[in-house]
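Asker: Enclosed is the structure file my_file-v6.txt (compact mmCIF, C-alpha atoms and all ligand atoms).
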# COMPACT_ATOMS: atom_id res chain seq x y z
CA MET J 1 71.27 9.19 -5.78
CA MET J 2 74.97 9.89 -5.80
CA GLU J 3 77.56 7.73 -4.09
CA ILE J 4 78.62 8.69 -0.59
CA ASP J 5 82.24 7.99 -1.53
CA PHE J 6 82.11 10.66 -4.21
CA VAL J 7 81.24 13.39 -1.72
CA ARG J 8 83.48 11.95 0.99
CA SER J 9 86.60 11.87 -1.17
CA ARG J 10 86.18 15.60 -1.94
CA PHE J 11 85.47 16.45 1.68
CA ILE J 12 88.68 14.72 2.75
CA LYS J 13 90.71 16.30 -0.03
CA HIS J 14 89.52 19.88 0.40
CA PHE J 15 89.72 20.11 4.17
CA ASP J 16 91.91 18.51 6.79
CA GLY J 17 91.63 14.87 5.81
CA LYS J 18 89.01 14.05 8.46
CA THR J 19 85.54 12.70 7.70
CA GLY J 20 82.22 14.05 8.95
CA ASN J 21 78.58 13.00 8.74
CA VAL J 22 76.74 12.70 5.44
CA TYR J 23 73.19 13.94 4.83
CA ALA J 24 70.89 13.85 1.80
CA SER J 25 67.75 15.72 0.79
CA PRO J 26 65.70 15.41 -2.38
CA GLY J 27 64.28 17.75 -4.97
CA ARG J 28 60.56 17.46 -5.71
CA ILE J 29 57.89 17.10 -8.32
CA ASN J 30 54.38 18.48 -8.01
CA LEU J 31 51.46 16.67 -9.61
CA ILE J 32 49.14 19.65 -9.32
CA GLY J 33 48.61 22.79 -7.17
CA GLU J 34 50.96 25.44 -8.51
CA HIS J 35 51.34 28.89 -6.94
CA THR J 36 48.74 27.88 -4.38
CA ASP J 37 51.11 27.43 -1.42
CA TYR J 38 51.62 31.13 -0.67
CA ASN J 39 47.88 31.60 -1.24
CA GLY J 40 46.95 29.23 1.58
CA GLY J 41 45.74 26.54 -0.84
CA PHE J 42 46.56 22.88 -1.50
CA VAL J 43 49.60 21.33 -3.19
CA PHE J 44 50.32 17.77 -4.25
CA PRO J 45 54.09 17.23 -4.33
CA GLY J 46 56.38 14.26 -3.84
CA ALA J 47 60.13 13.98 -3.26
CA VAL J 48 62.27 12.52 -6.04
CA ASP J 49 65.26 10.18 -6.06
CA LYS J 50 67.55 13.07 -7.01
CA GLY J 51 68.84 15.70 -4.64
CA ILE J 52 71.73 17.12 -2.67
CA MET J 53 74.26 15.23 -0.58
CA ALA J 54 76.50 17.00 1.93
CA GLU J 55 79.28 15.96 4.26
CA MET J 56 79.58 18.22 7.29
CA ARG J 57 81.70 18.42 10.44
CA ALA J 58 82.18 20.98 13.23
CA ASN J 59 85.63 22.51 12.70
CA GLY J 60 86.29 23.78 16.22
CA THR J 61 86.13 27.49 15.33
CA GLU J 62 83.62 29.87 16.81
CA ASP J 63 81.93 30.84 13.55
CA THR J 64 84.05 30.17 10.48
CA VAL J 65 82.36 28.14 7.75
CA MET J 66 84.52 26.52 5.09
CA ALA J 67 82.35 25.44 2.21
CA TYR J 68 83.11 23.59 -1.01
CA ALA J 69 80.62 23.21 -3.86
CA ILE J 70 81.89 20.03 -5.52
CA ASP J 71 80.01 20.40 -8.81
CA LEU J 72 81.13 24.00 -9.29
CA LYS J 73 84.64 23.34 -7.93
CA ASP J 74 84.19 26.50 -5.91
CA ARG J 75 85.44 27.10 -2.35
CA VAL J 76 84.09 29.90 -0.15
CA ASP J 77 84.98 30.62 3.49
CA PHE J 78 82.92 33.04 5.53
CA LYS J 79 82.00 33.94 9.08
CA LEU J 80 78.50 33.51 10.45
CA SER J 81 78.98 36.83 12.27
CA ASP J 82 79.56 38.70 8.99
CA PRO J 83 76.32 40.71 8.60
CA ASP J 84 76.50 40.62 4.80
CA GLY J 85 77.38 36.96 4.39
CA PRO J 86 79.03 35.44 1.31
CA ARG J 87 78.26 36.71 -2.19
CA ALA J 88 78.26 33.39 -4.07
CA SER J 89 74.61 32.48 -4.47
CA TRP J 90 75.14 28.81 -3.48
CA ALA J 91 76.98 29.83 -0.30
CA ARG J 92 74.11 32.10 0.73
CA TYR J 93 71.95 29.00 1.26
CA ILE J 94 74.49 27.72 3.80
CA TYR J 95 74.85 31.10 5.48
CA GLY J 96 71.08 31.67 5.53
CA ILE J 97 70.08 28.30 6.89
CA ALA J 98 72.78 28.44 9.57
CA LEU J 99 71.44 31.78 10.81
CA GLU J 100 67.84 30.56 10.66
CA MET J 101 68.75 27.43 12.64
CA LYS J 102 70.47 29.66 15.20
CA LYS J 103 67.23 31.62 15.52
CA LEU J 104 65.56 28.31 16.37
CA GLY J 105 67.99 27.84 19.26
CA VAL J 106 70.58 25.61 17.60
CA PRO J 107 74.04 26.71 18.85
CA VAL J 108 75.67 26.59 15.41
CA LYS J 109 79.47 27.07 15.47
CA GLY J 110 82.06 26.90 12.69
CA PHE J 111 81.84 23.91 10.35
CA ASN J 112 83.23 22.44 7.18
CA ILE J 113 80.91 21.35 4.41
CA ALA J 114 81.27 19.85 0.93
CA PHE J 115 78.21 19.08 -1.14
CA ALA J 116 77.15 17.89 -4.58
CA GLY J 117 73.84 17.36 -6.33
CA ASP J 118 72.20 15.33 -9.05
CA VAL J 119 68.95 17.29 -9.08
CA PRO J 120 69.11 19.41 -12.23
CA LEU J 121 69.63 23.11 -11.48
CA GLY J 122 67.02 25.53 -12.76
CA ALA J 123 64.70 22.75 -13.90
CA GLY J 124 61.91 23.63 -11.46
CA MET J 125 62.65 20.58 -9.27
CA SER J 126 63.74 22.75 -6.38
CA SER J 127 67.43 22.18 -6.01
CA SER J 128 67.43 25.16 -3.63
CA ALA J 129 64.96 23.57 -1.18
CA ALA J 130 67.04 20.38 -1.38
CA MET J 131 70.09 22.37 -0.27
CA GLU J 132 68.25 24.12 2.54
CA SER J 133 66.74 20.98 3.98
CA CYS J 134 69.97 18.99 3.62
CA PHE J 135 72.01 21.65 5.44
CA ALA J 136 69.28 22.11 8.07
CA CYS J 137 69.21 18.37 8.71
CA GLY J 138 73.01 18.37 9.16
CA LEU J 139 73.13 21.40 11.47
CA ASN J 140 70.27 20.03 13.55
CA ASP J 141 72.17 16.78 13.99
CA ILE J 142 75.67 18.17 14.55
CA PHE J 143 74.86 21.14 16.79
CA GLY J 144 71.22 20.78 17.84
CA GLU J 145 70.77 17.22 19.16
CA ASN J 146 68.04 16.90 16.53
CA LYS J 147 65.70 18.97 18.67
CA VAL J 148 64.37 21.12 15.84
CA SER J 149 61.18 19.59 14.43
CA GLN J 150 60.71 18.73 10.76
CA TRP J 151 58.19 21.55 10.34
CA ASP J 152 60.58 24.08 11.85
CA MET J 153 63.24 22.94 9.39
CA VAL J 154 60.75 23.48 6.56
CA LEU J 155 60.08 27.01 7.81
CA ALA J 156 63.81 27.70 8.28
CA GLY J 157 64.36 26.73 4.63
CA GLN J 158 61.57 29.03 3.50
CA ALA J 159 62.93 31.87 5.67
CA THR J 160 66.34 31.36 4.04
CA GLU J 161 64.76 32.02 0.65
CA HIS J 162 62.92 35.10 1.93
CA ASN J 163 65.71 36.64 3.99
CA TYR J 164 68.90 35.77 2.10
CA CYS J 165 68.00 34.76 -1.45
CA GLY J 166 65.29 37.21 -2.49
CA VAL J 167 62.51 34.71 -3.28
CA ASN J 168 59.19 35.11 -1.43
CA CYS J 169 58.29 31.47 -1.92
CA GLY J 170 55.67 29.35 -0.20
CA ILE J 171 56.33 26.16 1.77
CA MET J 172 55.72 23.44 -0.80
CA ASP J 173 59.31 22.75 -1.85
CA GLN J 174 60.87 22.64 1.60
CA PHE J 175 57.92 20.60 2.86
CA ALA J 176 58.33 18.00 0.10
CA SER J 177 62.07 17.80 0.60
CA VAL J 178 61.81 17.25 4.36
CA PHE J 179 58.69 15.05 4.55
CA GLY J 180 58.97 13.05 1.31
CA LYS J 181 58.32 9.32 1.38
CA ALA J 182 59.23 6.75 -1.29
CA GLY J 183 56.26 5.80 -3.48
CA CYS J 184 53.98 8.50 -2.05
CA LEU J 185 52.73 11.89 -3.12
CA MET J 186 51.53 14.19 -0.37
CA ARG J 187 48.50 16.41 -0.29
CA LEU J 188 49.28 19.40 1.87
CA ASP J 189 46.86 22.04 3.04
CA CYS J 190 49.21 25.03 3.18
CA ARG J 191 46.93 26.96 5.51
CA SER J 192 46.47 24.38 8.28
CA ARG J 193 49.67 22.47 7.40
CA GLU J 194 47.77 19.20 7.63
CA PHE J 195 48.88 16.65 5.10
CA GLU J 196 48.38 13.08 4.05
CA TYR J 197 50.49 10.57 2.15
CA PHE J 198 48.97 9.26 -1.07
CA PRO J 199 50.57 6.03 -2.37
CA PHE J 200 51.07 6.74 -6.07
CA LYS J 201 51.33 3.70 -8.35
CA PRO J 202 49.21 4.52 -11.36
CA ASP J 203 48.58 1.21 -13.03
CA GLY J 204 49.49 1.46 -16.72
CA TYR J 205 50.80 5.03 -16.52
CA ARG J 206 54.01 6.77 -15.58
CA LEU J 207 55.22 10.27 -14.80
CA VAL J 208 58.00 11.77 -16.85
CA LEU J 209 59.52 15.24 -16.85
CA LEU J 210 60.65 16.98 -20.02
CA ASP J 211 63.18 19.68 -19.29
CA SER J 212 63.13 22.53 -21.80
CA VAL J 213 66.56 23.55 -20.46
CA VAL J 214 65.34 27.11 -20.43
CA LYS J 215 66.92 28.55 -17.30
CA HIS J 216 64.61 28.76 -14.38
CA GLN J 217 65.69 31.45 -11.93
CA LEU J 218 63.19 32.66 -9.38
CA ALA J 219 65.33 35.29 -7.61
CA GLY J 220 64.54 38.70 -9.03
CA SER J 221 62.06 37.07 -11.39
CA PRO J 222 58.39 37.98 -11.73
CA TYR J 223 57.66 35.23 -9.18
CA ASN J 224 57.50 37.83 -6.42
CA ASP J 225 55.29 40.04 -8.62
CA ARG J 226 52.79 37.18 -8.94
CA ARG J 227 52.64 36.89 -5.20
CA ASN J 228 52.16 40.65 -4.86
CA SER J 229 49.26 40.54 -7.33
CA CYS J 230 47.52 37.87 -5.27
CA GLU J 231 48.04 39.80 -2.05
CA ASN J 232 46.74 42.95 -3.67
CA VAL J 233 43.48 41.22 -4.61
CA VAL J 234 43.07 39.95 -1.04
CA LYS J 235 43.61 43.48 0.31
CA HIS J 236 40.84 44.84 -1.91
CA ILE J 237 38.43 42.08 -0.95
CA GLN J 238 39.20 42.67 2.72
CA ALA J 239 38.51 46.40 2.31
CA LYS J 240 35.10 45.62 0.77
CA HIS J 241 34.25 43.18 3.55
CA PRO J 242 35.61 44.60 6.81
CA GLU J 243 33.42 42.16 8.74
CA GLY J 244 35.35 39.15 7.34
CA LYS J 245 38.92 37.93 7.78
CA PHE J 246 40.75 37.50 4.49
CA GLU J 247 44.34 36.40 4.89
CA THR J 248 44.98 34.77 1.54
CA LEU J 249 43.07 33.93 -1.64
CA ARG J 250 42.04 30.71 0.10
CA ASP J 251 39.57 32.81 2.08
CA CYS J 252 38.03 34.43 -1.02
CA THR J 253 35.15 33.31 -3.23
CA TRP J 254 34.59 33.73 -6.97
CA GLU J 255 31.85 36.30 -6.25
CA GLN J 256 34.18 38.39 -4.09
CA LEU J 257 36.83 38.25 -6.78
CA ASP J 258 34.33 39.51 -9.35
CA GLU J 259 33.35 42.37 -7.05
CA VAL J 260 36.89 43.79 -7.09
CA ARG J 261 37.66 43.01 -10.74
CA ALA J 262 37.44 46.60 -11.99
CA GLU J 263 39.46 48.11 -9.16
CA VAL J 264 42.34 45.60 -9.14
CA GLY J 265 42.66 45.61 -12.92
CA GLU J 266 42.63 42.79 -15.44
CA GLU J 267 46.14 41.52 -14.75
CA ASP J 268 45.71 40.94 -11.01
CA TYR J 269 42.21 39.61 -11.66
CA LYS J 270 43.58 36.94 -14.01
CA ARG J 271 46.26 35.91 -11.49
CA ALA J 272 43.67 35.44 -8.75
CA LYS J 273 41.30 33.65 -11.11
CA PHE J 274 43.98 31.07 -11.80
CA VAL J 275 44.63 30.54 -8.08
CA LEU J 276 40.97 30.02 -7.22
CA GLY J 277 40.62 27.50 -10.04
CA GLU J 278 43.81 25.71 -9.05
CA LYS J 279 42.57 25.24 -5.50
CA ASP J 280 39.59 23.31 -6.85
CA ARG J 281 41.70 21.35 -9.32
CA VAL J 282 43.91 19.88 -6.56
CA LEU J 283 40.83 18.58 -4.79
CA GLY J 284 39.53 17.27 -8.11
CA VAL J 285 42.77 15.37 -8.67
CA CYS J 286 42.57 13.80 -5.21
CA GLU J 287 39.06 12.60 -5.88
CA ALA J 288 40.03 11.27 -9.31
CA LEU J 289 43.04 9.43 -7.84
CA ASN J 290 40.84 7.84 -5.21
CA GLU J 291 38.62 6.59 -8.03
CA GLY J 292 41.59 5.50 -10.15
CA ASP J 293 40.42 7.90 -12.87
CA TYR J 294 43.73 8.94 -14.42
CA GLU J 295 42.09 10.42 -17.50
CA LYS J 296 40.38 12.95 -15.21
CA VAL J 297 43.70 13.68 -13.47
CA GLY J 298 45.23 14.37 -16.87
CA GLU J 299 42.40 16.64 -17.95
CA LEU J 300 42.92 18.77 -14.85
CA MET J 301 46.68 18.91 -15.52
CA TYR J 302 46.02 20.34 -18.99
CA GLN J 303 43.68 22.92 -17.46
CA THR J 304 46.43 23.94 -15.06
CA HIS J 305 48.84 24.41 -17.93
CA GLU J 306 46.37 26.59 -19.76
CA GLY J 307 45.87 28.74 -16.65
CA LEU J 308 49.59 29.02 -15.90
CA SER J 309 50.24 30.01 -19.48
CA LYS J 310 47.34 32.41 -20.20
CA ASP J 311 46.25 33.78 -16.82
CA TYR J 312 49.22 33.43 -14.48
CA GLU J 313 51.65 34.00 -17.36
CA VAL J 314 54.56 32.00 -16.01
CA SER J 315 55.07 29.75 -19.03
CA CYS J 316 57.32 30.34 -22.02
CA GLU J 317 57.27 29.43 -25.69
CA GLU J 318 59.32 26.25 -25.20
CA LEU J 319 57.07 24.91 -22.44
CA ASP J 320 53.90 25.66 -24.40
CA PHE J 321 55.47 23.82 -27.34
CA LEU J 322 56.20 20.75 -25.17
CA ASN J 323 52.62 20.87 -23.90
CA ASP J 324 51.29 20.94 -27.48
CA ILE J 325 53.44 17.95 -28.42
CA ALA J 326 52.06 16.04 -25.43
CA LYS J 327 48.51 16.74 -26.60
CA GLU J 328 49.30 15.66 -30.15
CA CYS J 329 50.82 12.41 -28.87
CA GLY J 330 47.72 11.59 -26.81
CA VAL J 331 49.50 12.03 -23.48
CA THR J 332 46.97 11.85 -20.66
CA GLY J 333 48.09 14.98 -18.78
CA SER J 334 50.84 17.55 -19.19
CA ARG J 335 51.66 20.88 -17.65
CA ILE J 336 54.42 23.23 -16.66
CA MET J 337 55.76 22.27 -13.21
CA GLY J 338 57.05 24.48 -10.39
CA GLY J 339 57.48 28.25 -10.28
CA GLY J 340 57.66 28.64 -14.05
CA PHE J 341 59.64 30.93 -16.38
CA GLY J 342 61.41 27.85 -17.78
CA GLY J 343 62.17 24.40 -16.44
CA CYS J 344 60.11 21.26 -17.01
CA THR J 345 56.73 19.96 -17.98
CA ILE J 346 55.37 17.06 -15.95
CA ASN J 347 53.58 14.44 -18.02
CA LEU J 348 51.26 11.61 -17.09
CA VAL J 349 51.71 9.13 -19.93
CA ARG J 350 50.20 5.76 -20.68
CA ASN J 351 52.95 3.15 -20.80
CA ASP J 352 52.11 2.17 -24.37
CA LEU J 353 52.47 5.77 -25.59
CA TYR J 354 55.64 6.58 -23.66
CA LYS J 355 58.23 5.59 -26.28
CA ASN J 356 56.58 7.44 -29.12
CA PHE J 357 55.97 10.52 -26.98
CA ILE J 358 59.62 10.81 -25.93
CA ALA J 359 60.93 10.22 -29.45
CA THR J 360 58.49 12.74 -30.97
CA ALA J 361 59.17 15.38 -28.31
CA LYS J 362 62.93 15.04 -28.80
CA GLN J 363 62.70 15.31 -32.52
CA LYS J 364 60.23 18.19 -32.77
CA PHE J 365 61.93 20.18 -30.04
CA ASN J 366 65.31 19.66 -31.63
CA ASP J 367 63.99 20.72 -35.04
CA LYS J 368 62.66 23.94 -33.56
CA TYR J 369 65.21 24.87 -30.89
CA GLY J 370 68.37 23.08 -31.94
CA HIS J 371 68.59 20.82 -28.89
CA GLU J 372 66.59 18.03 -27.34
CA PRO J 373 64.70 18.39 -24.07
CA LYS J 374 66.15 16.38 -21.21
CA VAL J 375 64.05 13.46 -20.00
CA TYR J 376 63.71 12.51 -16.33
CA ASP J 377 61.61 9.49 -15.38
CA VAL J 378 60.04 10.25 -12.04
CA VAL J 379 60.93 7.98 -9.13
CA ILE J 380 59.29 9.12 -5.90
CA GLY J 381 61.84 8.92 -3.13
CA ASP J 382 62.40 9.65 0.56
CA GLY J 383 62.85 13.00 2.31
CA SER J 384 65.83 14.45 4.23
CA ARG J 385 67.94 11.95 6.13
CA LYS J 386 71.31 11.19 7.64
CA LEU J 387 73.19 8.63 5.58
CA CYS J 388 76.16 8.00 7.85
C1 LIG G 1 58.41 27.65 -6.47
C2 LIG G 1 58.24 28.08 -5.03
F1 LIG G 1 59.41 27.92 -4.34
C3 LIG G 1 57.12 27.30 -4.34
O1 LIG G 1 56.91 27.80 -3.04
C4 LIG G 1 55.83 27.36 -5.16
O2 LIG G 1 55.20 28.61 -5.03
C5 LIG G 1 56.10 27.03 -6.63
O3 LIG G 1 57.17 27.81 -7.16
C6 LIG G 1 54.90 27.24 -7.48
O4 LIG G 1 53.90 26.35 -7.14
O5 LIG G 1 58.86 26.34 -6.58
Translate this structure into structure tokens?

Answerer:
Amino acid sequence: MMEIDFVRSRFIKHFDGKTGNVYASPGRINLIGEHTDYNGGFVFPGAVDKGIMAEMRANGTEDTVMAYAIDLKDRVDFKLSDPDGPRASWARYIYGIALEMKKLGVPVKGFNIAFAGDVPLGAGMSSSAAMESCFACGLNDIFGENKVSQWDMVLAGQATEHNYCGVNCGIMDQFASVFGKAGCLMRLDCRSREFEYFPFKPDGYRLVLLDSVVKHQLAGSPYNDRRNSCENVVKHIQAKHPEGKFETLRDCTWEQLDEVRAEVGEEDYKRAKFVLGEKDRVLGVCEALNEGDYEKVGELMYQTHEGLSKDYEVSCEELDFLNDIAKECGVTGSRIMGGGFGGCTINLVRNDLYKNFIATAKQKFNDKYGHEPKVYDVVIGDGSRKLC
């Protein structure tokens, strides 16, 4: 995590010299359960020790927000009453979450905010959810007497993505950022919203991310198309079974999927096939973790990669290459992590293989693409909080 003084010194310098309150929210990893959240399935994320830190203070105006993105050295001022909001993509997260918190009854007025992050952008670790939950936490504290519940902050973050940023995401990222707990992964049922903490200390293994540095950008990307494909399959199944209630793919069986295969077409069929399989894999991983069977966990991770690459088609050449290297090096489990279209692989590696794996991946990737992948050792950290 960054130093508070780093953010504070910029906040003082760029505004009126006064200090405010400081809040932090993390990015996330996800062990397994990809593209299942908006399909009512299970996910298995955890917060990381990297995220967003923001200093915020009410500025006494009715609705003027003065915002400074420290890392980008970019200042944007805007009014909450402006129906279009700011154009800068980072400022839209502030605008969006402020309006969503207002909808929840928080009397948000004008405020100053400066923020910085150490969660890599576009790496599939959800820097955007970290922003949303950090700003929501601050607004709830400054204007809302902390009356908004954690779940409502999760939903406000998701609504920000839908309504102001063009990404029809699920709830996994915002959930992990708000509810994260050091040392624990969380299994969330995205339909019932029930979840449990899973202490994660795999004896003899570690998790490491390899960042392909291929830009991951979900807005305007085929992410929304994937979601549409899944919803289309559900619609067809519902039409065939008017007696049933099919809200998401979670409600559908393999037999029902096969029944609509010809009418939905091969592409949508493959998308749904991946999702149904992924739902079972998350439960398989939970069982394997309970039994301490990390080899089984790894096997399921490889299956997920295969499905994300061939059926869901959200991988890319660089990520498939990193996955192949992991296999060659005997890594227990490896797969693309997050929404896809670039970003990281998540790898479950035996401690004794770690050094060789990292060195081999760096070298082979560099030989092929002219740069090394970035390496992030996973430390599972806490969720959104006020620092001072
Ligand atoms: C992105 C989305 F924001 C999440 O909601 C989730 O769908 C994920 O992609 C894929 O599992 O991070």

Asker: Return as a ChimeraX atom specification the residues of protein, DNA or RNA that approach ligand LIG 1 (chain G) to within 7 Å, with all atoms listed in the file taken into account.

Answerer: /J:33-38,124,126,169-173,338-340

Asker: Can you pull out every residue within 8 Å of range 327-337 of chain J, counting all atoms listed in the file, but drop anything in the same chain fewer than 6 positions away, and send it as a compact mmCIF listing (two decimals) with C-alpha atoms, in the coordinates of the input?

Answerer:
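Result file is result17.txt:
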# COMPACT_ATOMS: atom_id res chain seq x y z
CA ILE J 29 57.89 17.10 -8.32
CA ASN J 30 54.38 18.48 -8.01
CA LEU J 31 51.46 16.67 -9.61
CA GLU J 34 50.96 25.44 -8.51
CA GLY J 124 61.91 23.63 -11.46
CA TYR J 294 43.73 8.94 -14.42
CA GLU J 295 42.09 10.42 -17.50
CA VAL J 297 43.70 13.68 -13.47
CA GLY J 298 45.23 14.37 -16.87
CA GLU J 299 42.40 16.64 -17.95
CA LEU J 300 42.92 18.77 -14.85
CA MET J 301 46.68 18.91 -15.52
CA TYR J 302 46.02 20.34 -18.99
CA THR J 304 46.43 23.94 -15.06
CA HIS J 305 48.84 24.41 -17.93
CA LEU J 308 49.59 29.02 -15.90
CA SER J 315 55.07 29.75 -19.03
CA LEU J 319 57.07 24.91 -22.44
CA GLY J 343 62.17 24.40 -16.44
CA CYS J 344 60.11 21.26 -17.01
CA THR J 345 56.73 19.96 -17.98
CA ILE J 346 55.37 17.06 -15.95
CA ASN J 347 53.58 14.44 -18.02
CA LEU J 348 51.26 11.61 -17.09
CA VAL J 349 51.71 9.13 -19.93
CA ARG J 350 50.20 5.76 -20.68
CA LEU J 353 52.47 5.77 -25.59
CA ASN J 356 56.58 7.44 -29.12
CA PHE J 357 55.97 10.52 -26.98
CA THR J 360 58.49 12.74 -30.97

Asker: Restricting the calculation to only C-alpha atoms: of J:His162, J:Lys181, J:Arg227, J:Arg385, which residue gets closest to Val275 in chain J?

Answerer: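 Of J:His162, J:Lys181, J:Arg227, J:Arg385, the one nearest Val275 in chain J, counting only C-alpha atoms, is J:Arg227.
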
Asker: Find the residue from J:Gly17, J:Gly117, J:Gly40, J:Gly342 that sits nearest to Arg191 in chain J; use all atoms listed in the file when measuring.

Answerer: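 Closest residue, counting all atoms listed in the file: J:Gly40.
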
Asker: Find the residues near range 41-47 of chain J: any atom within 6 Å, counting all atoms listed in the file, skip ones fewer than 2 places away on the same chain, and give them as an NGL selection string.

Answerer: :J and (26-33 or 36-37 or 39 or 176-177 or 180 or 185-190 or 250 or 279 or 380-381)

Asker: With C-alpha atoms retained, export the selected residues as a short mmCIF file (atom, residue, chain, number, x, y, z; two decimals), keeping the file's coordinate frame.

Answerer:
data_model
loop_
_atom_site.label_atom_id
_atom_site.label_comp_id
_atom_site.auth_asym_id
_atom_site.auth_seq_id
_atom_site.Cartn_x
_atom_site.Cartn_y
_atom_site.Cartn_z
CA PRO J 26 65.70 15.41 -2.38
CA GLY J 27 64.28 17.75 -4.97
CA ARG J 28 60.56 17.46 -5.71
CA ILE J 29 57.89 17.10 -8.32
CA ASN J 30 54.38 18.48 -8.01
CA LEU J 31 51.46 16.67 -9.61
CA ILE J 32 49.14 19.65 -9.32
CA GLY J 33 48.61 22.79 -7.17
CA THR J 36 48.74 27.88 -4.38
CA ASP J 37 51.11 27.43 -1.42
CA ASN J 39 47.88 31.60 -1.24
CA ALA J 176 58.33 18.00 0.10
CA SER J 177 62.07 17.80 0.60
CA GLY J 180 58.97 13.05 1.31
CA LEU J 185 52.73 11.89 -3.12
CA MET J 186 51.53 14.19 -0.37
CA ARG J 187 48.50 16.41 -0.29
CA LEU J 188 49.28 19.40 1.87
CA ASP J 189 46.86 22.04 3.04
CA CYS J 190 49.21 25.03 3.18
CA ARG J 250 42.04 30.71 0.10
CA LYS J 279 42.57 25.24 -5.50
CA ILE J 380 59.29 9.12 -5.90
CA GLY J 381 61.84 8.92 -3.13
#
